[in-house]
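Asker: Sending over a structure as structure tokens; questions will come in a sec.
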Number of protein chains: 2
Amino acid sequence: MASKTKYIYFFGGGKADGNGKMKDLLGGKGAGLAEMSSSGVPVPPGFTITTDVCRYYYANGKKLPKDFEKVMKEYMEKLEKTAGKKFGDKNFPLLVSVRSGAKISMPGMMDTILNLGLNDECVEGLAKATGNPRFAWDAYRRFMQMFGDVVYEVPKSKFEHALGEMKQKKGVEKDTDLNADDMKKLVSRFKEIFKEGAGIEFPQSPWDQLVGARNAVFRSWMNERAITYRKLNKIADDLGTAVNVQAMVFGNMGDDSGTGVGFTRNPSTGQKEFYGEYLTNAQGEDVVAGIRTPKPIKELENEMPAVYKQLRDITTRLEKHYRDVQDFEFTIEKGHLYMLQTRNGKRTAAAAVRFAVEMVKEKLISKEEALMRIDPEQINQLLHPIIDPSAKIKVIAKGLPASPGAATGKVVFTAEVAARRGANEAVILVRAETNPDDIAGMVAAKGILTARGGMTSHAAVVARGMGKPCVAGCETIRIDEEKNTFGVNGSTYKENDWITIDGATGRVIEGKVPTKEAELSGEFAELMKWADAIRTLKVRANADIPRDAIQAMEFGAEGIGLCRTEHMFFAKERLPFMQEMIVAEDEASRRKALDKLFEFQKEDFKGLLKEMKGYPVTIRTLDPPLHEFLPKTEEDAKELSEKIGIPAEKLWEKSNDLHEMNPMLGHRGCRLGITFPEITEMQARAIITAACELAKEKIKVIPEIMIPLVGFVAELEDQKAVVVKAAEEAMKATGVKVNYTVGTMIEVPRGALTADQVANVADFFSFGTNDLTQMTLGFSRDDAGKFIKIYLDKKIFKDDPFQTLDQTGVGELIKFAIGKGRSVKKQLKIGICGEHGGDPESVKFCHRAGFSYVSASPFRIPIARLAAAQAVIEGKSKKK
Amino acid sequence: MASKTKYIYFFGGGKADGNGKMKDLLGGKGAGLAEMSSSGVPVPPGFTITTDVCRYYYANGKKLPKDFEKVMKEYMEKLEKTAGKKFGDKNFPLLVSVRSGAKISMPGMMDTILNLGLNDECVEGLAKATGNPRFAWDAYRRFMQMFGDVVYEVPKSKFEHALGEMKQKKGVEKDTDLNADDMKKLVSRFKEIFKEGAGIEFPQSPWDQLVGARNAVFRSWMNERAITYRKLNKIADDLGTAVNVQAMVFGNMGDDSGTGVGFTRNPSTGQKEFYGEYLTNAQGEDVVAGIRTPKPIKELENEMPAVYKQLRDITTRLEKHYRDVQDFEFTIEKGHLYMLQTRNGKRTAAAAVRFAVEMVKEKLISKEEALMRIDPEQINQLLHPIIDPSAKIKVIAKGLPASPGAATGKVVFTAEVAARRGANEAVILVRAETNPDDIAGMVAAKGILTARGGMTSHAAVVARGMGKPCVAGCETIRIDEEKNTFGVNGSTYKENDWITIDGATGRVIEGKVPTKEAELSGEFAELMKWADAIRTLKVRANADIPRDAIQAMEFGAEGIGLCRTEHMFFAKERLPFMQEMIVAEDEASRRKALDKLFEFQKEDFKGLLKEMKGYPVTIRTLDPPLHEFLPKTEEDAKELSEKIGIPAEKLWEKSNDLHEMNPMLGHRGCRLGITFPEITEMQARAIITAACELAKEKIKVIPEIMIPLVGFVAELEDQKAVVVKAAEEAMKATGVKVNYTVGTMIEVPRGALTADQVANVADFFSFGTNDLTQMTLGFSRDDAGKFIKIYLDKKIFKDDPFQTLDQTGVGELIKFAIGKGRSVKKQLKIGICGEHGGDPESVKFCHRAGFSYVSASPFRIPIARLAAAQAVIEGKSKKK
């Protein structure tokens with residue numbers, strides 16, 4: 001290192017040696033302080049020791065450059081001059097903080113050391129100068145604790161233990177209940193602890209303290225936690241860290257002093273108003289401790305008008321400078337305002353949207369920046385009712401936040417009861433777990449609570465699809481199905497007791513609690529319009545019935561990407577025909593039952609196609625294993641038998657015949673249509689007849705027929721032939737022609753691996769990433785809950801692969817399949833219709849991988865629209 | 001087409017215009033006839049119309065070359081001269097056959113037309129000349145039927161219906177019961193049918209018949225079935241077909257005439273002896289009809305010594321010419337010998353081996369050719385006992401041929417009874433289906449019969465592994481578990497009734513039936529030695545216990561590719577500890593139970609490693625879901641509780657807790673080891689301790705530890721760390737060092753997709769193609785039986801993908817994974833240990849894909865050795 005090298009950069013007094021761009025040399029924090037200081041923001045003065053020094057330190061056997069101590073002393077003198085106080089002064093000493101600060105913010109490195117410069121003499125001076133001995137001694141003992149821990153590795157717990165003993169001795173609970181004397185005694189005790197642990201007396205020389213702290217920062221660059229963090233995040237080891245030494249300021253120096261926090265705009269509502277609170281003659285900690293009640297920041301205007309004006313000016317400038325709402329901390333020391341911290345403020349979803357849209361109007365940020373400011377996942381909060389934040393609540397249990405929204409209702413324990421009563425009163429369906437039989441009850445209930453199952457259990461998936469609040473896997477509740485009660489932590493809740501669930505947080509709350517409806521504000525709609533203008537990925541909805549389709553259109557869907565026809569078969573008046581079809585012993589009786597279902601299906605499809613007003617509607621042929629439609633127990637079979645007139649024995653025998661070891665990998669999807677072509681034929685006929693009848697009324701329709709679970713191109717060939725034949729017959733019968741396409745789901749790995757063959761026959765692909773994830777990872781969604789938590793804990797994977805697409809594994813296979821598919825059909829339309837279609841990261845992956853559209857639950861459509869827009873913006877900035 | 005082009009090639013009279021190489025022009029059949037004829041084999045004379053003519057026909061709007069009729073007439077005259085008969089002659093007409101014949105044999109094209117040239121006059125002449133009016137009229141009506149169907153598309157069924165009516169009218173069952181008069185009447189009726197269908201009278205001009213047949217052959221080249229076949233098999237449409245016109249000969253022209261069939265060597269035993277039978281004054285059909293008993297061919301030596309000598313000379317020459325045993329048909333017409341057909345003869349496995357080895361010794365073929373002559377699958381027959389072919393048997397049912405071999409024993413219905421009695425008497429275990437609990441009973445029984453499950457059901461897989469006869473999925477038997485009986489077709493069989501099963505054919509036979517033991521002849525051993533010398537792929541065995549290892553070594557295994565440690569836990573004296581481990585509520589109690597299992601495991605591994613005499617032994621850590629070790633019903637739980645002293649409630653509750661919707665995709669494989677590292681640790685300690693103890697005795701050991709079901713490299717990292725730590729501790733404790741490796745199964749698609757990451761950590765890969773097939777295809781092996789048959793019928797796939805590797809899908813993924821794996825570790829050892837390791841086509845795939853070894857059930861090792869050798873030979877011939 002040449003002797004001309006500048007080792008240290010000063011900041012303070014409205015000036016700075018460095019600037020905000022010098023992050024490599026000054027670290028993020030140092031560059032920020034320099035930037036603020038030189039742009040006239042009053043920050044407590046200080047200096048930054050550069051990362052060059054750190055690199056020198058490691059390159060030269062942990063030695064510093066020659067003369068470095070001398071240079072540092074010069075800067076300390078400059079600091080004393082600027083601050084108007086002397087380091088080690090017995091009357092009113094300059095105290096400093098010492099902080100590390102690398103280019104990239106990095107947990108695992110040294111904590112801050114505050115109040116450095118205190119010793120047995122200075123502490124008395126500080127006590128006198130502030131008129132607050134308790135504060136002075138408390139500051140001293142805090143400094144000793146930090147210094148001991150960080151610089152000499154004296155276990156923090158030993159200091160804390162001593163503090164605990166003191167409180168016990170005094171019979172008090174809070175640190176704030178200890179007085180100046182107690183603190184003084186603690187300082188004595190801490191000195192013993194320090195000596196015991198460090199092997200030396202606590203250093204009384206402020207300069208030695210400073211040197212020790214500085215070296216500790218350098219050492220912390222190479223501690224184990226920091227190295228691991230850099231390894232995981234691919235940060236180079238030779239960046240090095242800077243060291244920031246900054247004067248401490250005090251807000252408890254009299255009535256012309258004070259401290260406060262604030263926001264440049266209201267972080268809760270988003271309103272453009274100066275927002276915050278402060279205390280006069282107080283320290284930052286006093287605000288936190290809650291002993292004195294802070295005053296609204298507006299009152300500062302009366303108390304210290306000049307300071308107030310300065311604060312407003314500064315924070316307004318900061319907001320402009322950082323081009324975002326600032327969350328700031330300030331201290332007033334004897335009439336002088338110091339900004340201690342400023343950062344982008346945290347905000348509610350509603351506020352985030354309002355900030356972003358208003359800042360575009362103020363020309364502070366571009367529309368693209370506004371879009372990037374919103375976390376798509378956060379939007380969820382805006383789309384569902386929430387628990388009134390002002391309500392007093394008693395949380396009785398916590399489960400998984402399976403489907404957002406708050407709901408209040410009376411407890412019922414069976415889907416049947418829910419279905420019967422749900423139309424006229426608010427009920428919450430409480431079940432161990434749900435299954436497809438429960439659909440009607442789930443539709444009727446205000447919300448669903450289950451004791452078992454994960455984020456992708458049946459209850460969770462279906463509830464999200466419906467946009468209905470659901471708390472799943474609430475394992476602390478014990479349901480007694482015979483008594484119709486559930487118990488939790490010793491309390492018992494009966495049928496008809498009121499409860500409230502919050503599907504956004506997983507909370508289960510006792511009684512009736514007021515909720516607030518979602519309100520899609522004007523700003524929200526505007527933001528979405530911007531997103532739509534920028535995105536190239538289309539967004540469709542997974543919707544099975546006209547009501548869902550209407551909801552989807554309201555949320556901005558551009559078509560239906562997945563209509564699961566089987567959901568239609570579970571309705572009360574249809575299920576018997578489905579069951580009749582399943583137990584039929586030959587094709588003729590099967591066809592008879594199918595003929596009855598045909599009319600229902602046709603009407604369903606007409607409804608859907610009509611609601612979608614000319615947008616494409618992708619309808620999947622029957623997918624689930626047939627045993628899902630049959631009774632699960634012998635008793636159920638008997639009960640059903642009485643209702644529908646099929647002998648119980650026959651029902652039960654068939655149910656047993658159809659039992660499978662691994663239904664996920666069993667007789668389902670196109671395998672059904674291949675073994676019973678008449679099912680596919682009926683469905684195709686219903687779809688095309690519906691389309692033709694609408695076409696006759698001059699309504700535009702785009703039906704797309706989708707064959708599920710294709711692994712072999714021959715499967716698709718087989719089913720396509722059946723569809724085409726049925727479609728031609730339907731068009732002949734109605735005398736109208738409509739355009740339709742026949743595509744396939746790619747959800748079996750083999751389908752992806754042979755996508756070129758499949759693309760020769762398919763008009764479109766839709767990746768069914770739920771099943772594709774199950775099969776590619778070998779994880780059953782129903783069972784993986786048992787070990788997925790452990791996998792997340794052990795970091796075997798980062799996210800639950802059923803929530804966020806596994807881009808390394810499943811994503812690789814998808815990209816492979818797209819490449820193969822488009823190698824034979826360049827313009828092949830490609831979509832996704834698994835749960836991932838509504839997950840922001842997965843949506844972005846789809847954009848990058850060249851998808852034509854994603855399809856998501858109606859309530860996740862806005863999220864997908866925003867994520868799709870962000871993907872475009874991210875792609876542009878990457879290219880730059 | 002130039003006028004000089006030769007349109008027609010003649011053959012006959014010991015000469016031929018063409019030769020065997022001219023398949024492009026003459027088709028396969030025409031070239032063969034030319035070759036035989038010119039090499040002096042007396043074939044009935046004839047001529048071949050070239051494929052050029054066919055191409056001309058299609059290129060010129062279905063017109064033939066100018067003057068073609070004239071040329072064809074010339075050739076017909078030549079044929080008449082050679083045959084010594086006239087076409088259309090009223091006294092003894094020349095009759096001909098007309099056959100299509102493309103370069104590549106192709107189903108879907110025109111059938112043969114025989115007896116062409118007959119009309120109302122000629123038939124009378126033929127009747128007189130042969131002295132056999134029934135034959136003549138029968139020949140005529142057959143010709144009419146073939147001609148009507150092929151040339152004029154008169155439905156075959158109409159003729160057959162008339163034939164049926166005639167038989168009904170006469171009150172007879174067989175065609176042969178109709179006399180000459182009946183046939184004559186049929187001819188009249190056929191004329192009506194022809195006229196009705198074709199719209200014209202049946203053509204009486206032999207020339208018109210010939211022209212019609214010729215054109216029909218040309219047309220058949222472009223019929224739908226032929227086009228589809230060519231498309232599927234990628235055969236060019238412009239190859240065209242040739243037309244063969246050949247004189248018919250008759251063996252029923254008196255005592256100097258006759259007909260027969262034979263083999264150049266005994267196709268049953270393989271002995272080198274002239275073998276066959278014949279009838280004098282008879283037609284080929286008479287042999288088939290079984291009215292007269294044919295004579296052994298040796299008697300021909302006495303009856304017609306010159307003809308016999310000629311026949312022996314010709315067939316000996318044919319065997320040399322075709323370099324394989326010939327299966328031939330001949331006819332003697334008035335002392336003249338004609339060869340009608342010669343082809344490579346079908347043979348038993350034993351004969352095939354003997355033929356091949358002896359022909360090498362006779363220097364007729366090379367060793368490589370000998371190896372290519374044997375169908376590896378056929379070898380199976382040699383390795384297992386068979387039902388004595390001379391025994392009279394009563395087949396009572398037929399199931400799937402799940403594991404070859406014949407076994408006789410008394411019926412028992414539970415694994416427990418089988419286990420108890422099997423040591424002292426022959427029992428056959430009859431179950432609805434088997435599960436892992438039944439292992440002990442399966443070991444003790446002579447054979448296994450199940451009512452449910454496919455070729456890859458538990459019973460089938462385990463039985464094949466043990467080399468034990470098994471008939472699976474015998475759905476016609478109804479087991480009554482309460483009465484201990486099974487019924488089939490109205491009969492009932494009780495416990496202790498004798499039955500016999502034939503696992504090679506799927507037959508279930510009543511009573512005790514004599515069986516013949518397998519005998520691995522000297523020729524077999526010799527052939528295997530040749531295979532070993534040529535193959536490069538190693539062959540290992542799947543073996544769990546020392547007894548299997550010994551068997552595997554006898555069959556030539558070069559190591560163990562898969563030892564499933566869980567099979568060891570099902571033994572009676574161990575299961576309780578396993579169960580104790582599973583129900584344990586904390587790590588400490590789990591470790592206590594594991595410590596007890598440790599000793600068992602260590603001894604098992606010592607036995608295996610010792611038997612394998614320095615060959616590598618790959619041991620897989622625990623794989624199956626834990627619920628497989630727990631009782632399946634509440635009653636079982638009670639029973640077990642009494643035995644092992646764990647409360648029934650606890651056992652049953654745990655069993656319920658562990659229940660999974662899709663156990664195949666559930667908590668198993670390395671997921672167990674990750675949640676309960678102490679299990680992996682115990683197993684690794686047992687393996688390495690065993691290895692160390694043997695190493696102390698100077699016994700060479702190569703243990704390879706294999707982690708199952710890895711989808712994420714982090715899983716393997718986790719488990720490898722556990723193994724390495726345990727291994728180091730074991731070596732420290734024993735004071736010996738051994739070399740060991742840690743590899744992984746690639747059986748989850750994600751593992752294959754990320755094989756480069758995995759290879760960074762794995763010492764070897766072993767493809768678990770059972771699971772990989774299940775997950776890649778999305779087929780549960782346990783459930784797919786329900787639709788796989790339909791898939792095979794509909795030709796959605798060619799082979800059961802659980803028996804023969806799906807090379808297009810799963811194979812593609814395997815090749816992808818090998819490429820990725822070897823991209824980071826060039827010498828990575830790669831094996832396969834699914835069922836496919838013993839399937840010949842799959843073994844060949846493995847060779848081509850660059851595998852290091854395959855691992856198969858002991859009884860399939862010789863099959864794999866042969867297939868591996870064939871793969872090398874096929875590879876060489878492809879390169880040529």
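Each chain of the structure tokens is named A, B, ... in the order shown, its residues numbered from 1; ligands are numbered from 1 in display order.
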Determine which residues of chain A sit within 6 Å of chain B, taking into account only C-alpha atoms, and present them as a ChimeraX atom specification.

Answerer: /A:660,662,665-666,714,748-750,775-780,783,796,809

Asker: Could you tell me, as JSON, numbers by chain, which residues of stretch 467-663 of chain B DSSP assigns to helix (DSSP H, G or I) when given the backbone?

Answerer: {"B": [522, 523, 524, 525, 526, 527, 528, 529, 530, 531, 532, 533, 534, 546, 547, 548, 549, 550, 551, 552, 553, 554, 565, 566, 567, 568, 569, 570, 575, 576, 577, 578, 579, 580, 581, 582, 583, 587, 588, 589, 590, 591, 592, 593, 594, 595, 596, 597, 598, 599, 600, 601, 602, 603, 604, 605, 606, 607, 608, 609, 610, 611, 626, 627, 628, 629, 634, 635, 636, 637, 638, 639, 640, 641, 642, 643, 644, 648, 649, 650, 651, 652, 653, 654, 655, 656, 657, 663]}

Asker: List the neighbours of A:Asp502 out to 9 Å using only C-alpha atoms; skip same-chain residues closer than 2 positions along the sequence, and give me the result as a list in words.

Answerer: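 These residues fall inside the cut-off: Ile386, Ile387, Pro401, Ser403, Pro404, Gly405, Ala406, Ala407, Thr408, Pro469, Cys470, Val471, Thr500, Ala504, Thr505, Gly506, Arg507, Val508 and Ile509 of chain A.
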
Asker: Just C-alpha atoms for this one: save the residues we selected as a short mmCIF file (atom, residue, chain, number, x, y, z; two decimals), in the first residue's frame.

Answerer:
```cif
data_model
loop_
_atom_site.label_atom_id
_atom_site.label_comp_id
_atom_site.auth_asym_id
_atom_site.auth_seq_id
_atom_site.Cartn_x
_atom_site.Cartn_y
_atom_site.Cartn_z
CA ILE A 386 -59.29 -9.07 7.41
CA ILE A 387 -59.90 -9.11 11.14
CA PRO A 401 -52.35 -19.96 6.86
CA SER A 403 -56.14 -19.65 2.33
CA PRO A 404 -56.23 -15.96 3.24
CA GLY A 405 -59.20 -14.04 4.55
CA ALA A 406 -61.07 -13.79 7.85
CA ALA A 407 -64.38 -15.54 8.50
CA THR A 408 -66.71 -15.76 11.45
CA PRO A 469 -60.64 -18.53 4.23
CA CYS A 470 -59.00 -21.72 5.47
CA VAL A 471 -56.78 -22.64 8.38
CA THR A 500 -63.41 -16.84 13.80
CA ALA A 504 -53.85 -15.11 6.36
CA THR A 505 -52.13 -15.84 9.67
CA GLY A 506 -53.51 -19.25 10.64
CA ARG A 507 -55.12 -17.92 13.81
CA VAL A 508 -58.24 -19.53 15.29
CA ILE A 509 -60.13 -17.09 17.48
#
```

Asker: Run DSSP on the backbone and grab whatever in stretch 745-818 of chain B lands in strand (DSSP E); send it over as an NGL selection string.

Answerer: :B and (745-746 or 764-767)

Asker: Excluding stretch 343-357 of chain B and any residue of its chain fewer than 6 positions from it, enumerate the residues within 9 Å of it, using only C-alpha atoms, and give them as a PyMOL selection string.

Answerer: chain B and resi 263-272+319+322-328+365+367+369-371+373-375+378-382+521+523-524+526-527

Asker: Counting only C-alpha atoms, figure out which residue out of B:Leu95, B:Ile104, B:Leu279, B:Ala733 gets nearest to B:Leu118.

Answerer: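 Nearest to B:Leu118: B:Leu95.
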
Asker: Excluding B:Ala593 and its own-chain neighbours fewer than 3 positions away, which residues fall within 7 Å of it when counting only C-alpha atoms? Please give them as a ChimeraX atom specification.

Answerer: /B:577,580-581,589-590,596-597

Asker: Keeping only N, CA, C and O atoms, write those residues as a short mmCIF file (atom, residue, chain, number, x, y, z; two decimals), in the first residue's frame.

Answerer:
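The resulting file, selection_5.cif, is shown below:
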```cif
data_model
loop_
_atom_site.label_atom_id
_atom_site.label_comp_id
_atom_site.auth_asym_id
_atom_site.auth_seq_id
_atom_site.Cartn_x
_atom_site.Cartn_y
_atom_site.Cartn_z
N PHE B 577 -37.72 -55.99 17.34
CA PHE B 577 -36.80 -54.87 17.60
C PHE B 577 -37.06 -53.73 16.62
O PHE B 577 -37.00 -52.56 16.96
N GLU B 580 -40.10 -52.08 17.83
CA GLU B 580 -39.75 -51.29 19.01
C GLU B 580 -39.11 -49.97 18.56
O GLU B 580 -39.43 -48.89 19.08
N MET B 581 -38.23 -50.07 17.56
CA MET B 581 -37.57 -48.87 17.03
C MET B 581 -38.59 -47.91 16.45
O MET B 581 -38.53 -46.70 16.68
N SER B 589 -34.67 -43.97 22.89
CA SER B 589 -35.27 -45.31 22.85
C SER B 589 -35.10 -45.91 21.46
O SER B 589 -34.99 -47.13 21.31
N ARG B 590 -35.08 -45.03 20.45
CA ARG B 590 -34.85 -45.55 19.10
C ARG B 590 -33.46 -46.18 19.02
O ARG B 590 -33.27 -47.26 18.49
N LYS B 596 -29.88 -53.25 19.29
CA LYS B 596 -30.16 -54.69 19.23
C LYS B 596 -30.11 -55.18 17.79
O LYS B 596 -29.68 -56.29 17.52
N LEU B 597 -30.58 -54.34 16.87
CA LEU B 597 -30.58 -54.74 15.46
C LEU B 597 -29.16 -54.76 14.89
O LEU B 597 -28.86 -55.51 13.96
#
```

Asker: Go through A:Arg99, A:Thr450, A:Pro801, A:Met304 one by one, measure the shortest atom-to-atom distance of each to A:Ala402 using only C-alpha atoms, and give the residue with the smallest value.

Answerer: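 Residue with the minimum atom-to-atom distance to A:Ala402: A:Thr450.
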
Asker: Pick out the residues sitting within 10 Å of B:Gly614, and hand them over as a list in words; count only C-alpha atoms, and ignore anything fewer than 6 positions along from it in its own chain.

Answerer: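 My list of contacting residues is Glu558, Gly559, Ile699, Lys700, Val701, Ile702 and Pro703 of chain B.
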
Asker: May I have the selected residues written with N, CA, C and O atoms, as a PDB file, in the first residue's frame?

Answerer:
```pdb
ATOM      1  N   GLU B 558     -20.761 -61.363 -10.567  1.00  0.00           N
ATOM      2  CA  GLU B 558     -19.468 -60.723 -10.315  1.00  0.00           C
ATOM      3  C   GLU B 558     -19.617 -59.651  -9.255  1.00  0.00           C
ATOM      4  O   GLU B 558     -18.994 -58.592  -9.328  1.00  0.00           O
ATOM      5  N   GLY B 559     -20.438 -59.939  -8.279  1.00  0.00           N
ATOM      6  CA  GLY B 559     -20.661 -58.982  -7.200  1.00  0.00           C
ATOM      7  C   GLY B 559     -22.137 -58.912  -6.892  1.00  0.00           C
ATOM      8  O   GLY B 559     -22.970 -59.505  -7.585  1.00  0.00           O
ATOM      9  N   ILE B 699      -9.582 -61.463   4.838  1.00  0.00           N
ATOM     10  CA  ILE B 699     -10.548 -61.721   3.765  1.00  0.00           C
ATOM     11  C   ILE B 699     -10.779 -60.413   3.019  1.00  0.00           C
ATOM     12  O   ILE B 699     -10.994 -59.367   3.632  1.00  0.00           O
ATOM     13  N   LYS B 700     -10.704 -60.493   1.688  1.00  0.00           N
ATOM     14  CA  LYS B 700     -10.848 -59.280   0.885  1.00  0.00           C
ATOM     15  C   LYS B 700     -12.324 -58.857   0.851  1.00  0.00           C
ATOM     16  O   LYS B 700     -13.207 -59.686   0.619  1.00  0.00           O
ATOM     17  N   VAL B 701     -12.584 -57.592   1.082  1.00  0.00           N
ATOM     18  CA  VAL B 701     -13.976 -57.111   1.078  1.00  0.00           C
ATOM     19  C   VAL B 701     -14.063 -55.789   0.319  1.00  0.00           C
ATOM     20  O   VAL B 701     -13.160 -54.959   0.397  1.00  0.00           O
ATOM     21  N   ILE B 702     -15.133 -55.635  -0.432  1.00  0.00           N
ATOM     22  CA  ILE B 702     -15.382 -54.342  -1.104  1.00  0.00           C
ATOM     23  C   ILE B 702     -16.805 -53.895  -0.791  1.00  0.00           C
ATOM     24  O   ILE B 702     -17.731 -54.163  -1.553  1.00  0.00           O
ATOM     25  N   PRO B 703     -17.020 -53.236   0.356  1.00  0.00           N
ATOM     26  CA  PRO B 703     -18.385 -52.775   0.651  1.00  0.00           C
ATOM     27  C   PRO B 703     -18.670 -51.452  -0.061  1.00  0.00           C
ATOM     28  O   PRO B 703     -17.820 -50.558  -0.106  1.00  0.00           O
TER      29      PRO B 703
END
```

Asker: Would you pick out the contacts of A:Lys392 at 12 Å or less, using only C-alpha atoms, so that residues sharing its chain but fewer than 5 positions from it are not included, and give the list as a PDB file with N, CA, C and O atoms, in the first residue's frame?

Answerer:
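Listing of part-v8.pdb after writing:
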```
ATOM      1  N   ILE A 387     -59.364  -9.340   9.803  1.00  0.00           N
ATOM      2  CA  ILE A 387     -59.899  -9.110  11.138  1.00  0.00           C
ATOM      3  C   ILE A 387     -59.722  -7.624  11.443  1.00  0.00           C
ATOM      4  O   ILE A 387     -58.649  -7.063  11.223  1.00  0.00           O
ATOM      5  N   ILE A 509     -59.750 -18.050  16.441  1.00  0.00           N
ATOM      6  CA  ILE A 509     -60.126 -17.087  17.475  1.00  0.00           C
ATOM      7  C   ILE A 509     -61.487 -17.450  18.048  1.00  0.00           C
ATOM      8  O   ILE A 509     -62.391 -17.892  17.318  1.00  0.00           O
ATOM      9  N   GLU A 510     -61.615 -17.283  19.344  1.00  0.00           N
ATOM     10  CA  GLU A 510     -62.876 -17.618  20.007  1.00  0.00           C
ATOM     11  C   GLU A 510     -63.918 -16.552  19.702  1.00  0.00           C
ATOM     12  O   GLU A 510     -63.606 -15.360  19.681  1.00  0.00           O
ATOM     13  N   GLY A 511     -65.134 -16.962  19.471  1.00  0.00           N
ATOM     14  CA  GLY A 511     -66.250 -16.025  19.354  1.00  0.00           C
ATOM     15  C   GLY A 511     -66.349 -15.312  18.021  1.00  0.00           C
ATOM     16  O   GLY A 511     -65.637 -15.601  17.073  1.00  0.00           O
ATOM     17  N   LYS A 512     -67.288 -14.352  18.016  1.00  0.00           N
ATOM     18  CA  LYS A 512     -67.603 -13.561  16.837  1.00  0.00           C
ATOM     19  C   LYS A 512     -66.691 -12.349  16.849  1.00  0.00           C
ATOM     20  O   LYS A 512     -66.621 -11.639  17.841  1.00  0.00           O
ATOM     21  N   VAL A 513     -65.979 -12.080  15.800  1.00  0.00           N
ATOM     22  CA  VAL A 513     -65.026 -10.968  15.768  1.00  0.00           C
ATOM     23  C   VAL A 513     -65.344 -10.125  14.547  1.00  0.00           C
ATOM     24  O   VAL A 513     -65.602 -10.663  13.475  1.00  0.00           O
ATOM     25  N   PRO A 514     -65.346  -8.783  14.685  1.00  0.00           N
ATOM     26  CA  PRO A 514     -65.644  -7.962  13.513  1.00  0.00           C
ATOM     27  C   PRO A 514     -64.547  -8.078  12.448  1.00  0.00           C
ATOM     28  O   PRO A 514     -63.370  -8.113  12.766  1.00  0.00           O
ATOM     29  N   THR A 515     -64.964  -8.134  11.200  1.00  0.00           N
ATOM     30  CA  THR A 515     -63.994  -8.207  10.102  1.00  0.00           C
ATOM     31  C   THR A 515     -64.209  -7.021   9.168  1.00  0.00           C
ATOM     32  O   THR A 515     -65.263  -6.415   9.148  1.00  0.00           O
TER      33      THR A 515
END
```

Asker: Distance atom CA of B:Gly125-atom CA of B:Pro93, one decimal place?

Answerer: 7.2 Å

Asker: Measuring atom to atom with only C-alpha atoms, identify which of A:Met222, A:Val617, A:Ala451, A:Ala856 is nearest to A:Ile688.

Answerer: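 Selected residue with least distance to A:Ile688: A:Val617.
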
Asker: Go through B:Ala127, B:Leu520, B:Met146, B:Ile687 one by one, measure the shortest atom-to-atom distance of each to B:Glu599 using only C-alpha atoms, and give the residue with the smallest value.

Answerer: B:Ile687

Asker: Pick out the closest residue to A:Thr744 from this set: A:Ile707, A:Val43, A:Val722, A:Ile448. Count only C-alpha atoms.

Answerer: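 That would be A:Ile707, the residue with the smallest distance to A:Thr744.
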
Asker: When distances are computed from only C-alpha atoms, which of A:Ala423, A:Phe250, A:Gly32, A:Met109 shows the smallest separation from A:Leu126?

Answerer: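 Nearest to A:Leu126: A:Phe250.
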
Asker: Rounded to one decimal place, report the atom CA of B:Gly240-atom CA of B:Val211 distance in Å.

Answerer: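 Between these atoms lies a distance of 17.7 Å.
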